[in-house]
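First comes the structure, then the notes that go with it.
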Amino acid sequence: MSLIPKSHPRAKSLLIREKLVSGFDSGLVAKEGLLAQGRGEAFDYLLGEKTGKSAKTAIKAAAAQILLAKLSVISVNGNIAALCPKEVVRLSKQTGSKIEVNLFYSNEKRKNAIFKELKKNGAKEILGKNSAARATLSGIDSARRIVDKNGIFAADVVIVPLEDGDRTMALRKAGKIVITFDLNPLSRTSQTANITIVDNVTRAMELLIKNCIILSKKNKKTLKTILKNFNNKKNLSENINEIKNNLTKRSRIA
Ligand code: PTJ
């Protein structure tokens, strides 16, 4: 049972933190994943802990891009398995995207726990464990280089929530379109991806699913226009301005 009272002014943030801690206790999350969450929390504070206008714009572009993909793959790590396994499965079912487990701090035991968690949440096919389908991404030295030849390796669009910069660059160099969720607009991943959603993945994943449902009723031309009008660098700059405006507001003496 949670020790966090619902009335606590920071209950939402503390409950997200609790998901990570219980994900760590149940073997889903790497120790380093707890630190990554802490960094994310700090940026979320600066954002005002809400989905801003620029994040909404990026989410809409991401939905259009996923719907236009020939093969999209959602890459799942320990933090994502702990924070939003249900949403990952729903996004996959809504858009026909494949799910692939790909870890930075690779470890078979943790990988198995993540597979189990995704299955418990309704996933049917999960890639990332079949050694016969192993392929290697070039330009990257971490364990993340090992991917599935029918998944990330073959994909034209890869969704990489909470990612490290190296793989984002390697994926871009391999000609893939990269969509990321990252609360830090300055990170290498944020700066390198094609579409960066600067928002807490726990808020943004749900919105992405909603946008995919709405946009699935539109034709290809409309989706392509949404993408044509999206500029990641410009959107990131707007996001930094949102943070700046929030800080200016908070710095005023009432
Ligand atoms: O499970 P593994 O082994 O694949 O490891 C996963 C982690 C997250 C530990 C690994 O990918 C890592 O070390 O990531 P980084 O380089 O610390 O980057 C994580 C980024 O995600 C940081 O820029 C954080 O600000 C951001 N972040 C953290 N929590 C959230 C977040 N962004 C969105 N929503 C969050 N809840």
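How things are named: the first chain in the structure tokens is A, the next is B, and so on; residues count from 1 in each chain; ligands count from 1 in the order shown.
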For this session: Would you kindly return, as number ranges by chain, each protein, DNA or RNA residue with an atom no farther than 9 Å from any atom of A:Ile240, considering only C-alpha atoms and excluding same-chain residues fewer than 3 positions away?
Result: A: 47, 185-186, 235-237, 243-245
Please, could you write that set of residues out with N, CA, C and O atoms as a compact mmCIF listing (two decimals), in the first residue's frame?
```
# COMPACT_ATOMS: atom_id res chain seq x y z
N LEU A 47 9.42 22.77 -15.92
CA LEU A 47 8.35 22.87 -16.92
C LEU A 47 7.00 23.22 -16.30
O LEU A 47 6.04 23.49 -17.01
N PRO A 185 15.24 19.17 -22.57
CA PRO A 185 15.30 19.62 -23.97
C PRO A 185 16.73 19.82 -24.46
O PRO A 185 16.96 19.96 -25.66
N LEU A 186 17.70 19.81 -23.53
CA LEU A 186 19.09 20.06 -23.91
C LEU A 186 19.87 18.77 -24.15
O LEU A 186 21.02 18.82 -24.58
N ASN A 235 10.76 23.82 -32.35
CA ASN A 235 9.88 23.38 -31.27
C ASN A 235 10.65 23.27 -29.94
O ASN A 235 10.14 23.62 -28.88
N LEU A 236 11.91 22.80 -30.02
CA LEU A 236 12.73 22.71 -28.80
C LEU A 236 13.02 24.11 -28.26
O LEU A 236 13.02 24.33 -27.05
N SER A 237 13.24 25.03 -29.18
CA SER A 237 13.51 26.40 -28.75
C SER A 237 12.26 26.98 -28.06
O SER A 237 12.36 27.66 -27.04
N ILE A 243 9.98 27.05 -20.51
CA ILE A 243 10.66 26.89 -19.21
C ILE A 243 11.05 28.27 -18.67
O ILE A 243 10.83 28.59 -17.50
N LYS A 244 11.60 29.08 -19.57
CA LYS A 244 12.04 30.43 -19.19
C LYS A 244 10.86 31.24 -18.65
O LYS A 244 10.95 31.88 -17.60
N ASN A 245 9.74 31.18 -19.36
CA ASN A 245 8.55 31.93 -18.94
C ASN A 245 8.04 31.44 -17.59
O ASN A 245 7.63 32.23 -16.74
```
For this session: Produce as a list in words the set of residues near ligand 1, where near means within 6 Å with only C-alpha atoms and all ligand atoms considered.
Result: Val29, Ala30, Glu32, Gly33, Ala36, Gln37, Arg39, Gly40, Asn77, Gly78, Asn79, Leu103, Phe104, Tyr105, Ser106, Leu162, Glu163, Asp164, Phe181, Asp182, Leu183, Asn184, Ser187, Asp199, Asn200 and Val201 of chain A
Problem set entry | helix (DSSP H, G or I) positions in stretch 112-234 of chain A, given as number ranges by chain | A: 112-120, 131-133, 143-145, 165-173, 188-192, 201-215, 220-228, 232-234
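From atom CA of A:Gly52 back to atom CA of A:Leu68, the distance works out to 24.6 Å.
In this comparison, which uses only C-alpha atoms, the residue of A:Ala154, A:Ala61, A:Leu34, A:Ile214 approaching A:Ile226 most closely is A:Ala61.
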I'd like the contact shell of A:Ala62 - 10 Å cut-off, only C-alpha atoms, skipping same-chain residues fewer than 3 positions apart - returned as a PDB file with N, CA and C atoms, in the first residue's frame.
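See out.pdb below for the written result:
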```pdb
ATOM      1  N   LYS A  56       2.655  19.433 -26.953  1.00  0.00           N
ATOM      2  CA  LYS A  56       1.439  19.026 -27.688  1.00  0.00           C
ATOM      3  C   LYS A  56       1.694  19.035 -29.202  1.00  0.00           C
ATOM      4  N   THR A  57       2.441  20.043 -29.662  1.00  0.00           N
ATOM      5  CA  THR A  57       2.775  20.113 -31.089  1.00  0.00           C
ATOM      6  C   THR A  57       3.619  18.895 -31.494  1.00  0.00           C
ATOM      7  N   ALA A  58       4.598  18.550 -30.647  1.00  0.00           N
ATOM      8  CA  ALA A  58       5.472  17.402 -30.959  1.00  0.00           C
ATOM      9  C   ALA A  58       4.679  16.091 -30.918  1.00  0.00           C
ATOM     10  N   ILE A  59       3.750  15.993 -30.001  1.00  0.00           N
ATOM     11  CA  ILE A  59       2.945  14.762 -29.884  1.00  0.00           C
ATOM     12  C   ILE A  59       2.109  14.573 -31.160  1.00  0.00           C
ATOM     13  N   GLN A  65       3.643  10.921 -37.786  1.00  0.00           N
ATOM     14  CA  GLN A  65       4.803  10.159 -38.266  1.00  0.00           C
ATOM     15  C   GLN A  65       4.616   8.656 -38.061  1.00  0.00           C
ATOM     16  N   ILE A  66       4.073   8.290 -36.921  1.00  0.00           N
ATOM     17  CA  ILE A  66       3.863   6.857 -36.634  1.00  0.00           C
ATOM     18  C   ILE A  66       2.824   6.282 -37.605  1.00  0.00           C
ATOM     19  N   LEU A  67       1.773   7.068 -37.865  1.00  0.00           N
ATOM     20  CA  LEU A  67       0.721   6.578 -38.766  1.00  0.00           C
ATOM     21  C   LEU A  67       1.213   6.469 -40.214  1.00  0.00           C
ATOM     22  N   LEU A  68       2.225   7.272 -40.556  1.00  0.00           N
ATOM     23  CA  LEU A  68       2.765   7.218 -41.923  1.00  0.00           C
ATOM     24  C   LEU A  68       3.869   6.164 -42.079  1.00  0.00           C
ATOM     25  N   VAL A 157      10.695   3.974 -38.597  1.00  0.00           N
ATOM     26  CA  VAL A 157      10.425   4.899 -37.485  1.00  0.00           C
ATOM     27  C   VAL A 157      10.656   4.164 -36.165  1.00  0.00           C
ATOM     28  N   ILE A 159      10.598   4.612 -31.949  1.00  0.00           N
ATOM     29  CA  ILE A 159      10.155   5.449 -30.818  1.00  0.00           C
ATOM     30  C   ILE A 159      11.021   5.064 -29.626  1.00  0.00           C
ATOM     31  N   VAL A 178      13.617   9.134 -35.766  1.00  0.00           N
ATOM     32  CA  VAL A 178      13.596   8.860 -34.327  1.00  0.00           C
ATOM     33  C   VAL A 178      12.632   9.807 -33.607  1.00  0.00           C
ATOM     34  N   ILE A 179      11.754   9.196 -32.824  1.00  0.00           N
ATOM     35  CA  ILE A 179      10.830   9.970 -31.973  1.00  0.00           C
ATOM     36  C   ILE A 179      11.231   9.679 -30.539  1.00  0.00           C
ATOM     37  N   THR A 180      11.436  10.720 -29.744  1.00  0.00           N
ATOM     38  CA  THR A 180      11.806  10.467 -28.353  1.00  0.00           C
ATOM     39  C   THR A 180      10.924  11.235 -27.378  1.00  0.00           C
ATOM     40  N   ASN A 194      14.384  13.294 -34.504  1.00  0.00           N
ATOM     41  CA  ASN A 194      13.570  14.023 -35.496  1.00  0.00           C
ATOM     42  C   ASN A 194      12.388  14.700 -34.822  1.00  0.00           C
ATOM     43  N   ILE A 195      11.828  14.007 -33.829  1.00  0.00           N
ATOM     44  CA  ILE A 195      10.696  14.579 -33.089  1.00  0.00           C
ATOM     45  C   ILE A 195      10.940  14.336 -31.600  1.00  0.00           C
ATOM     46  N   THR A 196      11.053  15.424 -30.844  1.00  0.00           N
ATOM     47  CA  THR A 196      11.312  15.316 -29.411  1.00  0.00           C
ATOM     48  C   THR A 196      10.094  15.787 -28.631  1.00  0.00           C
ATOM     49  N   ILE A 197       9.562  14.903 -27.816  1.00  0.00           N
ATOM     50  CA  ILE A 197       8.421  15.265 -26.961  1.00  0.00           C
ATOM     51  C   ILE A 197       8.994  15.581 -25.584  1.00  0.00           C
ATOM     52  N   LEU A 208      -0.317  10.788 -26.767  1.00  0.00           N
ATOM     53  CA  LEU A 208       0.112  10.285 -28.079  1.00  0.00           C
ATOM     54  C   LEU A 208      -0.904   9.265 -28.605  1.00  0.00           C
ATOM     55  N   ASN A 211      -3.916  11.136 -29.842  1.00  0.00           N
ATOM     56  CA  ASN A 211      -3.638  11.784 -31.134  1.00  0.00           C
ATOM     57  C   ASN A 211      -3.624  10.765 -32.266  1.00  0.00           C
ATOM     58  N   CYS A 212      -3.097   9.565 -31.985  1.00  0.00           N
ATOM     59  CA  CYS A 212      -3.064   8.515 -33.020  1.00  0.00           C
ATOM     60  C   CYS A 212      -4.489   8.099 -33.371  1.00  0.00           C
ATOM     61  N   ILE A 226       1.053  17.935 -41.590  1.00  0.00           N
ATOM     62  CA  ILE A 226       1.394  18.138 -40.161  1.00  0.00           C
ATOM     63  C   ILE A 226       2.910  18.018 -39.998  1.00  0.00           C
ATOM     64  N   LEU A 227       3.478  16.998 -40.644  1.00  0.00           N
ATOM     65  CA  LEU A 227       4.927  16.774 -40.518  1.00  0.00           C
ATOM     66  C   LEU A 227       5.739  17.871 -41.187  1.00  0.00           C
ATOM     67  N   PHE A 230       6.202  20.816 -39.076  1.00  0.00           N
ATOM     68  CA  PHE A 230       6.880  20.628 -37.792  1.00  0.00           C
ATOM     69  C   PHE A 230       8.381  20.771 -37.961  1.00  0.00           C
TER      70      PHE A 230
END
```
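With only C-alpha atoms as the atoms that count, the minimum distance from A:Leu223 to the choices A:Lys60, A:Lys176, A:Lys70, A:Lys124 is reached by A:Lys60.
Between atom CA of A:Ile253 and atom CA of A:Phe43 the separation is 22.2 Å.
Of the residues under consideration (A:Gln191, A:Ser75, A:Thr248, A:Asn107), A:Gln191 shows the shortest atom-to-atom contact distance to A:Asn232 when counting only C-alpha atoms.
Among A:Lys173, A:Gln94, A:Ser54, A:Glu100, the residue with the shortest atom-to-atom distance to A:Asn231, counting only C-alpha atoms, is A:Ser54.
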Rows by chain and residue number, stretch 68-176 of chain A within 10 Å of stretch 7-20 of chain A, shortest pair, only C-alpha atoms, as a tab-separated table:
```
residue	atom	partner	partner_atom	distance
A:Gly78	CA	A:Leu20	CA	9.1
A:Asn79	CA	A:Leu20	CA	6.8
A:Ile80	CA	A:Leu20	CA	9.2
A:Ala81	CA	A:Leu20	CA	9.3
A:Ala82	CA	A:Leu20	CA	5.9
A:Leu83	CA	A:Lys19	CA	6.2
A:Cys84	CA	A:Lys19	CA	9.4
```
Atoms to include: N, CA and C atoms. Write the selected residues as a PDB file, in the first residue's frame.
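Dumped to again_22.pdb:
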```pdb
ATOM      1  N   GLY A  78      13.968  -0.299 -19.011  1.00  0.00           N
ATOM      2  CA  GLY A  78      13.450  -0.605 -17.676  1.00  0.00           C
ATOM      3  C   GLY A  78      12.504   0.463 -17.143  1.00  0.00           C
ATOM      4  N   ASN A  79      12.871   1.727 -17.327  1.00  0.00           N
ATOM      5  CA  ASN A  79      12.028   2.812 -16.801  1.00  0.00           C
ATOM      6  C   ASN A  79      10.649   2.809 -17.453  1.00  0.00           C
ATOM      7  N   ILE A  80      10.623   2.572 -18.753  1.00  0.00           N
ATOM      8  CA  ILE A  80       9.337   2.588 -19.468  1.00  0.00           C
ATOM      9  C   ILE A  80       8.474   1.402 -19.033  1.00  0.00           C
ATOM     10  N   ALA A  81       9.114   0.264 -18.819  1.00  0.00           N
ATOM     11  CA  ALA A  81       8.357  -0.918 -18.374  1.00  0.00           C
ATOM     12  C   ALA A  81       7.732  -0.663 -17.004  1.00  0.00           C
ATOM     13  N   ALA A  82       8.410   0.134 -16.181  1.00  0.00           N
ATOM     14  CA  ALA A  82       7.867   0.427 -14.846  1.00  0.00           C
ATOM     15  C   ALA A  82       6.826   1.542 -14.893  1.00  0.00           C
ATOM     16  N   LEU A  83       7.019   2.511 -15.779  1.00  0.00           N
ATOM     17  CA  LEU A  83       6.160   3.706 -15.763  1.00  0.00           C
ATOM     18  C   LEU A  83       4.881   3.556 -16.583  1.00  0.00           C
ATOM     19  N   CYS A  84       4.969   2.919 -17.752  1.00  0.00           N
ATOM     20  CA  CYS A  84       3.774   2.917 -18.607  1.00  0.00           C
ATOM     21  C   CYS A  84       3.670   1.693 -19.516  1.00  0.00           C
TER      22      CYS A  84
END
```
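The spacing separating atom CA of A:Gly122 from atom CA of A:Gly27 amounts to 19.3 Å.
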Problem set entry | Neighbour list for A:Asn150 as a PyMOL selection string, cut-off 10 Å, only C-alpha atoms, skip fewer than 2 positions in-chain | chain A and resi 71+73+98+100+127-128+133-135+147-148+152-155
Seminar exercise, completed: In terms of only C-alpha atoms, the residue from A:Ala174, A:Ile146, A:Met169, A:Leu91 at minimal distance from A:Thr189 is A:Met169
